[in-house]
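J.: Okay, so here is data.csv, and as you'll see once you scroll down, it has CSV, N, CA, C and O atoms.
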chain,number,residue,atom,x,y,z
F,1,MET,N,105.1,140.8,174.8
F,1,MET,CA,104.1,140.6,175.8
F,1,MET,C,104.1,141.8,176.8
F,1,MET,O,105.2,142.1,177.3
F,2,ILE,N,103.0,142.3,177.2
F,2,ILE,CA,102.9,143.5,178.1
F,2,ILE,C,103.4,143.1,179.5
F,2,ILE,O,104.2,143.8,180.1
F,3,GLY,N,103.0,142.1,180.1
F,3,GLY,CA,103.4,141.7,181.4
F,3,GLY,C,102.6,140.4,181.8
F,3,GLY,O,101.6,140.1,181.2
F,4,SER,N,103.1,139.8,182.9
F,4,SER,CA,102.5,138.6,183.4
F,4,SER,C,101.3,139.0,184.2
F,4,SER,O,101.1,140.2,184.6
F,5,GLY,N,100.5,138.0,184.6
F,5,GLY,CA,99.3,138.3,185.4
F,5,GLY,C,99.5,139.0,186.7
F,5,GLY,O,98.9,140.0,187.0
F,6,PRO,N,100.5,138.5,187.5
F,6,PRO,CA,100.7,139.2,188.8
F,6,PRO,C,101.2,140.6,188.6
F,6,PRO,O,100.8,141.5,189.4
F,7,GLN,N,102.0,140.9,187.6
F,7,GLN,CA,102.5,142.3,187.4
F,7,GLN,C,101.3,143.2,187.1
F,7,GLN,O,101.3,144.3,187.5
F,8,ILE,N,100.4,142.7,186.3
F,8,ILE,CA,99.2,143.5,185.9
F,8,ILE,C,98.4,143.8,187.1
F,8,ILE,O,97.9,144.9,187.4
F,9,VAL,N,98.2,142.8,188.0
F,9,VAL,CA,97.4,142.9,189.2
F,9,VAL,C,98.0,143.9,190.1
F,9,VAL,O,97.3,144.8,190.7
F,10,TYR,N,99.3,143.8,190.3
F,10,TYR,CA,100.0,144.8,191.2
F,10,TYR,C,99.9,146.2,190.7
F,10,TYR,O,99.6,147.1,191.5
F,11,GLY,N,100.0,146.4,189.4
F,11,GLY,CA,99.8,147.7,188.8
F,11,GLY,C,98.4,148.2,189.0
F,11,GLY,O,98.2,149.4,189.3
F,12,LEU,N,97.4,147.4,188.8
F,12,LEU,CA,96.0,147.8,188.9
F,12,LEU,C,95.7,148.1,190.4
F,12,LEU,O,94.9,149.0,190.6
F,13,CYS,N,96.3,147.4,191.3
F,13,CYS,CA,96.0,147.7,192.7
F,13,CYS,C,96.6,149.1,193.1
F,13,CYS,O,96.0,149.8,193.8
F,14,LEU,N,97.8,149.3,192.5
F,14,LEU,CA,98.4,150.7,192.7
F,14,LEU,C,97.5,151.8,192.2
F,14,LEU,O,97.3,152.8,192.8
F,15,LEU,N,97.0,151.6,191.0
F,15,LEU,CA,96.2,152.6,190.3
F,15,LEU,C,94.9,152.7,191.1
F,15,LEU,O,94.4,153.9,191.3
F,16,ALA,N,94.3,151.6,191.6
F,16,ALA,CA,93.0,151.7,192.3
F,16,ALA,C,93.2,152.4,193.6
F,16,ALA,O,92.3,153.3,194.0
F,17,SER,N,94.2,152.1,194.4
F,17,SER,CA,94.4,152.8,195.7
F,17,SER,C,94.7,154.2,195.5
F,17,SER,O,94.3,155.1,196.3
F,18,THR,N,95.5,154.6,194.5
F,18,THR,CA,95.8,156.0,194.2
F,18,THR,C,94.5,156.7,193.8
F,18,THR,O,94.3,157.9,194.2
F,19,ALA,N,93.7,156.1,192.9
F,19,ALA,CA,92.4,156.7,192.6
F,19,ALA,C,91.5,157.0,193.8
F,19,ALA,O,90.9,158.0,193.9
F,20,CYS,N,91.4,156.0,194.6
F,20,CYS,CA,90.6,156.1,195.9
F,20,CYS,C,91.2,157.3,196.7
F,20,CYS,O,90.4,158.1,197.3
F,21,ALA,N,92.5,157.4,196.9
F,21,ALA,CA,93.0,158.4,197.7
F,21,ALA,C,92.7,159.8,197.1
F,21,ALA,O,92.4,160.8,197.8
F,22,VAL,N,92.8,159.9,195.8
F,22,VAL,CA,92.5,161.2,195.1
F,22,VAL,C,91.0,161.5,195.2
F,22,VAL,O,90.7,162.7,195.6
F,23,LEU,N,90.2,160.6,195.0
F,23,LEU,CA,88.7,160.9,195.1
F,23,LEU,C,88.3,161.2,196.5
F,23,LEU,O,87.5,162.1,196.7
F,24,LEU,N,88.9,160.5,197.5
F,24,LEU,CA,88.6,160.8,198.9
F,24,LEU,C,89.1,162.2,199.3
F,24,LEU,O,88.4,162.9,200.0
F,25,SER,N,90.3,162.5,198.8
F,25,SER,CA,90.8,163.9,199.0
F,25,SER,C,90.0,165.0,198.4
F,25,SER,O,89.7,166.0,199.1
F,26,ARG,N,89.5,164.8,197.2
F,26,ARG,CA,88.6,165.7,196.6
F,26,ARG,C,87.3,165.9,197.4
F,26,ARG,O,86.8,167.0,197.5
F,27,ALA,N,86.7,164.7,197.8
F,27,ALA,CA,85.5,164.8,198.6
F,27,ALA,C,85.7,165.5,199.9
F,27,ALA,O,84.8,166.3,200.3
F,28,TRP,N,86.9,165.2,200.5
F,28,TRP,CA,87.1,165.9,201.8
F,28,TRP,C,87.3,167.4,201.6
F,28,TRP,O,86.8,168.3,202.3
F,29,TRP,N,87.9,167.8,200.5
F,29,TRP,CA,88.2,169.2,200.2
F,29,TRP,C,86.9,170.0,200.0
F,29,TRP,O,86.8,171.2,200.4
F,30,THR,N,85.8,169.3,199.5
F,30,THR,CA,84.6,170.0,199.3
F,30,THR,C,83.7,170.0,200.5
F,30,THR,O,83.0,170.9,200.8
F,31,SER,N,83.7,168.9,201.3
F,31,SER,CA,82.8,168.8,202.4
F,31,SER,C,83.4,169.0,203.8
F,31,SER,O,82.7,169.2,204.7
F,32,ARG,N,84.7,168.8,203.9
F,32,ARG,CA,85.5,169.0,205.1
F,32,ARG,C,85.0,168.0,206.2
F,32,ARG,O,85.0,168.3,207.4
F,33,GLN,N,84.5,166.8,205.8
F,33,GLN,CA,84.2,165.8,206.8
F,33,GLN,C,85.4,165.1,207.3
F,33,GLN,O,86.2,164.6,206.5
F,34,PRO,N,85.7,165.1,208.6
F,34,PRO,CA,86.9,164.5,209.1
F,34,PRO,C,87.2,163.1,208.7
F,34,PRO,O,88.3,162.7,208.5
F,35,LEU,N,86.2,162.3,208.7
F,35,LEU,CA,86.4,160.9,208.3
F,35,LEU,C,86.9,160.7,206.9
F,35,LEU,O,87.7,159.8,206.6
F,36,LEU,N,86.5,161.6,206.0
F,36,LEU,CA,87.0,161.5,204.6
F,36,LEU,C,88.5,161.9,204.6
F,36,LEU,O,89.3,161.3,203.9
F,37,PHE,N,88.9,162.8,205.5
F,37,PHE,CA,90.3,163.1,205.6
F,37,PHE,C,91.1,161.9,206.1
F,37,PHE,O,92.2,161.6,205.4
F,38,TRP,N,90.7,161.2,207.1
F,38,TRP,CA,91.4,160.1,207.6
F,38,TRP,C,91.4,158.9,206.6
F,38,TRP,O,92.5,158.2,206.4
F,39,SER,N,90.3,158.8,205.9
F,39,SER,CA,90.3,157.7,204.8
F,39,SER,C,91.2,158.1,203.7
F,39,SER,O,91.8,157.2,203.1
F,40,ALA,N,91.3,159.3,203.3
F,40,ALA,CA,92.2,159.7,202.2
F,40,ALA,C,93.6,159.5,202.6
F,40,ALA,O,94.4,159.0,201.8
F,41,ILE,N,94.0,159.8,203.8
F,41,ILE,CA,95.4,159.5,204.3
F,41,ILE,C,95.6,158.0,204.3
F,41,ILE,O,96.7,157.6,203.8
F,42,CYS,N,94.7,157.3,204.7
F,42,CYS,CA,94.8,155.8,204.8
F,42,CYS,C,95.0,155.3,203.4
F,42,CYS,O,96.0,154.5,203.1
F,43,PHE,N,94.2,155.7,202.4
F,43,PHE,CA,94.4,155.2,201.0
F,43,PHE,C,95.7,155.7,200.4
F,43,PHE,O,96.2,155.0,199.5
F,44,ALA,N,96.1,156.9,200.7
F,44,ALA,CA,97.4,157.4,200.2
F,44,ALA,C,98.6,156.5,200.7
F,44,ALA,O,99.5,156.1,200.0
F,45,LEU,N,98.5,156.1,202.0
F,45,LEU,CA,99.5,155.2,202.6
F,45,LEU,C,99.3,153.8,202.0
F,45,LEU,O,100.4,153.1,201.8
F,46,LEU,N,98.1,153.3,201.7
F,46,LEU,CA,97.9,152.1,201.0
F,46,LEU,C,98.5,152.1,199.5
F,46,LEU,O,99.0,151.1,199.0
F,47,ALA,N,98.4,153.3,198.9
F,47,ALA,CA,99.0,153.4,197.6
F,47,ALA,C,100.5,153.4,197.7
F,47,ALA,O,101.2,152.7,196.8
F,48,LEU,N,101.1,153.9,198.7
F,48,LEU,CA,102.5,153.8,198.9
F,48,LEU,C,102.9,152.4,199.2
F,48,LEU,O,103.9,151.9,198.7
F,49,ASN,N,102.1,151.7,199.9
F,49,ASN,CA,102.3,150.2,200.2
F,49,ASN,C,102.3,149.5,198.8
F,49,ASN,O,103.1,148.6,198.6
F,50,ASN,N,101.3,149.8,198.0
F,50,ASN,CA,101.2,149.1,196.7
F,50,ASN,C,102.4,149.5,195.8
F,50,ASN,O,102.8,148.7,195.0
F,51,LEU,N,102.9,150.7,195.9
F,51,LEU,CA,104.1,151.1,195.2
F,51,LEU,C,105.3,150.2,195.6
F,51,LEU,O,106.1,149.8,194.8
F,52,PHE,N,105.4,150.0,196.9
F,52,PHE,CA,106.5,149.2,197.4
F,52,PHE,C,106.3,147.7,196.9
F,52,PHE,O,107.3,147.0,196.7
F,53,VAL,N,105.1,147.3,196.8
F,53,VAL,CA,104.8,145.9,196.3
F,53,VAL,C,105.3,145.9,194.8
F,53,VAL,O,106.0,144.9,194.4
F,54,VAL,N,105.0,146.9,194.0
F,54,VAL,CA,105.4,146.9,192.6
F,54,VAL,C,106.9,146.9,192.5
F,54,VAL,O,107.5,146.2,191.7
F,55,LEU,N,107.5,147.8,193.4
F,55,LEU,CA,109.0,147.9,193.3
F,55,LEU,C,109.6,146.6,193.8
F,55,LEU,O,110.6,146.1,193.2
F,56,ASP,N,109.0,145.9,194.8
F,56,ASP,CA,109.6,144.7,195.3
F,56,ASP,C,109.4,143.5,194.3
F,56,ASP,O,110.3,142.7,194.1
F,57,MET,N,108.2,143.4,193.8
F,57,MET,CA,107.9,142.2,193.0
F,57,MET,C,108.2,142.3,191.5
F,57,MET,O,108.5,141.3,190.8
F,58,VAL,N,108.2,143.6,191.0
F,58,VAL,CA,108.3,143.7,189.5
F,58,VAL,C,109.7,144.4,189.2
F,58,VAL,O,110.4,143.9,188.3
F,59,VAL,N,109.9,145.6,189.8
F,59,VAL,CA,111.1,146.4,189.3
F,59,VAL,C,112.4,145.9,189.9
F,59,VAL,O,113.3,145.6,189.1
F,60,PHE,N,112.5,145.8,191.2
F,60,PHE,CA,113.7,145.4,191.8
F,60,PHE,C,113.5,144.0,192.5
F,60,PHE,O,113.3,144.0,193.7
F,61,ALA,N,113.6,143.0,191.8
F,61,ALA,CA,113.4,141.6,192.3
F,61,ALA,C,114.4,141.2,193.3
F,61,ALA,O,114.2,140.4,194.2
F,62,ASP,N,115.6,141.8,193.2
F,62,ASP,CA,116.7,141.4,194.1
F,62,ASP,C,116.8,142.2,195.4
F,62,ASP,O,117.6,141.9,196.2
F,63,ILE,N,116.0,143.2,195.5
F,63,ILE,CA,116.0,144.1,196.7
F,63,ILE,C,114.7,143.7,197.5
F,63,ILE,O,113.6,143.7,196.9
F,64,ASP,N,114.9,143.6,198.8
F,64,ASP,CA,113.7,143.2,199.7
F,64,ASP,C,113.1,144.5,200.3
F,64,ASP,O,113.7,145.2,201.0
F,65,PHE,N,111.8,144.7,199.9
F,65,PHE,CA,111.1,145.9,200.4
F,65,PHE,C,110.1,145.5,201.5
F,65,PHE,O,109.1,146.2,201.7
F,66,THR,N,110.3,144.3,202.1
F,66,THR,CA,109.3,143.8,203.0
F,66,THR,C,109.1,144.7,204.2
F,66,THR,O,107.9,145.0,204.6
F,67,LEU,N,110.1,145.2,204.8
F,67,LEU,CA,110.0,146.1,205.9
F,67,LEU,C,109.2,147.4,205.6
F,67,LEU,O,108.3,147.8,206.3
F,68,ALA,N,109.6,148.0,204.4
F,68,ALA,CA,108.9,149.2,204.0
F,68,ALA,C,107.4,148.9,203.7
F,68,ALA,O,106.5,149.7,204.0
F,69,ARG,N,107.1,147.8,203.1
F,69,ARG,CA,105.7,147.4,202.9
F,69,ARG,C,104.9,147.2,204.2
F,69,ARG,O,103.8,147.7,204.3
F,70,GLN,N,105.5,146.6,205.2
F,70,GLN,CA,104.9,146.3,206.4
F,70,GLN,C,104.7,147.6,207.2
F,70,GLN,O,103.6,147.9,207.8
F,71,ILE,N,105.7,148.5,207.2
F,71,ILE,CA,105.5,149.8,207.9
F,71,ILE,C,104.4,150.7,207.2
F,71,ILE,O,103.6,151.3,208.0
F,72,SER,N,104.4,150.7,205.9
F,72,SER,CA,103.4,151.5,205.3
F,72,SER,C,102.0,151.0,205.5
F,72,SER,O,101.0,151.7,205.7
F,73,ALA,N,101.8,149.6,205.5
F,73,ALA,CA,100.5,149.0,205.7
F,73,ALA,C,100.1,149.3,207.2
F,73,ALA,O,98.9,149.6,207.4
F,74,LEU,N,101.0,149.2,208.1
F,74,LEU,CA,100.7,149.4,209.5
F,74,LEU,C,100.3,150.9,209.7
F,74,LEU,O,99.4,151.2,210.4
F,75,ALA,N,101.0,151.8,209.1
F,75,ALA,CA,100.7,153.2,209.2
F,75,ALA,C,99.3,153.5,208.6
F,75,ALA,O,98.6,154.3,209.1
F,76,ALA,N,99.0,152.9,207.5
F,76,ALA,CA,97.7,153.1,206.9
F,76,ALA,C,96.5,152.6,207.8
F,76,ALA,O,95.6,153.4,208.1
F,77,VAL,N,96.7,151.4,208.4
F,77,VAL,CA,95.6,150.9,209.3
F,77,VAL,C,95.6,151.7,210.6
F,77,VAL,O,94.5,152.0,211.1
F,78,ALA,N,96.7,152.1,211.1
F,78,ALA,CA,96.8,152.9,212.3
F,78,ALA,C,96.2,154.3,212.1
F,78,ALA,O,95.5,154.8,213.0
F,79,THR,N,96.4,154.9,210.9
F,79,THR,CA,95.8,156.2,210.7
F,79,THR,C,94.3,156.1,210.6
F,79,THR,O,93.6,156.9,211.2
F,80,LEU,N,93.8,155.1,209.9
F,80,LEU,CA,92.3,154.9,209.8
F,80,LEU,C,91.7,154.6,211.2
F,80,LEU,O,90.7,155.1,211.6
F,81,LEU,N,92.4,153.8,211.9
F,81,LEU,CA,91.9,153.4,213.3
F,81,LEU,C,91.9,154.7,214.2
F,81,LEU,O,90.9,154.9,214.9
F,82,TYR,N,93.0,155.4,214.1
F,82,TYR,CA,93.0,156.7,214.9
F,82,TYR,C,91.9,157.6,214.5
F,82,TYR,O,91.3,158.2,215.3
F,83,GLY,N,91.6,157.7,213.2
F,83,GLY,CA,90.5,158.6,212.7
F,83,GLY,C,89.2,158.1,213.2
F,83,GLY,O,88.3,158.9,213.6
F,84,PHE,N,89.0,156.8,213.2
F,84,PHE,CA,87.7,156.3,213.8
F,84,PHE,C,87.6,156.6,215.3
F,84,PHE,O,86.5,157.0,215.7
F,85,ILE,N,88.6,156.4,216.0
F,85,ILE,CA,88.6,156.6,217.5
F,85,ILE,C,88.4,158.1,217.7
F,85,ILE,O,87.6,158.6,218.6
F,86,TRP,N,89.1,159.0,217.0
F,86,TRP,CA,89.1,160.4,217.2
F,86,TRP,C,87.7,160.9,216.9
F,86,TRP,O,87.2,161.8,217.6
F,87,GLU,N,87.0,160.4,215.8
F,87,GLU,CA,85.7,160.9,215.5
F,87,GLU,C,84.6,160.3,216.4
F,87,GLU,O,83.6,161.0,216.6
F,88,SER,N,84.8,159.2,217.0
F,88,SER,CA,83.8,158.6,217.9
F,88,SER,C,83.8,159.4,219.2
F,88,SER,O,82.8,159.4,219.9
F,89,GLU,N,84.9,160.0,219.6
F,89,GLU,CA,85.0,160.7,220.8
F,89,GLU,C,84.4,162.1,220.7
F,89,GLU,O,84.2,162.8,221.7
F,90,ARG,N,84.2,162.6,219.5
F,90,ARG,CA,83.7,164.0,219.4
F,90,ARG,C,82.2,164.1,219.7
F,90,ARG,O,81.4,163.4,219.6
Give the structure from the file, written as structure tokens.
T.:
Amino acid sequence: MIGSGPQIVYGLCLLASTACAVLLSRAWWTSRQPLLFWSAICFALLALNNLFVVLDMVVFADIDFTLARQISALAAVATLLYGFIWESER
């Protein structure tokens, strides 16, 4: 068996957030729109958060990654919020 349902979902979430970060980075590279930059950083941090979820729930079940997951999620949201505020003041 390849994996259980939650393991597959965790992996797909990691792939989706990584793909969004890559696509947003490529779009920012061509257009240089600042909001794309902040969104790309946010999704890169969300991909890191999803990596911590996979490590926590699938790979190392006996190690607690809760603090790392919460810090990366907070950093992702704070980055996007900072980008929104920064761009609204321009």
J.: Taking into account only C-alpha atoms, which residue in the set F:Val53, F:Ala40, F:Ala76, F:Ile63 is nearest to Ser25 of chain F?
T.: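 Among the listed residues, F:Ala40 lies closest to Ser25 of chain F.
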J.: With a distance cut-off of 8 Å and all atoms listed in the file, select the neighbouring residues of segment 56-60 of chain F, excluding the residue or stretch itself and same-chain residues fewer than 6 positions from it, and output the selection as a list of chain:residue names.
T.: F:Pro6, F:Gln7, F:Asn49, F:Asn50, F:Thr66
J.: Taking only C-alpha atoms into account, which of F:Gln33, F:Leu45, F:Gly5, F:Gly11 comes nearest Ile71 of chain F?
T.: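 Looking only at the distances to Ile71 of chain F, the closest residue turns out to be F:Leu45.
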J.: May I ask for the distance between atom N of Ile8 of chain F and atom O of Phe52 of chain F, given in Å to one decimal place?
T.: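 Pair atom N of Ile8 of chain F / atom O of Phe52 of chain F returns 13.2 Å.
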J.: Which one of F:Ile41, F:Val54, F:Ala75, F:Leu24 sits closest to Tyr10 of chain F if you count only C-alpha atoms?
T.: F:Val54
J.: Hey, which of F:Ser31, F:Thr79, F:Ser39, F:Ser4 ends up closest to Ser17 of chain F? Count only N, CA, C and O atoms.
T.: F:Ser39
J.: Separation of atom CA of Phe43 of chain F and atom N of Ala21 of chain F, in Å?
T.: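 We find that atom CA of Phe43 of chain F and atom N of Ala21 of chain F lie 5.0 Å from each other.
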J.: Quick one, how far is atom CA of Leu51 of chain F from atom CA of Leu74 of chain F?
T.: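 Atom CA of Leu51 of chain F sits 14.8 Å away from atom CA of Leu74 of chain F.
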J.: Considering only alpha helix (DSSP H) as DSSP defines it on the backbone, what residues of segment 52-83 of chain F qualify? List them as an MDAnalysis selection string.
T.: chainID F and resid 52:54 66:83
J.: For a quick check of understanding, using only N, CA, C and O atoms, which of F:Val22, F:Cys13, F:Leu35, F:Ala68 has the smallest distance to Phe84 of chain F?
T.: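 Closest residue, counting only N, CA, C and O atoms: F:Leu35.
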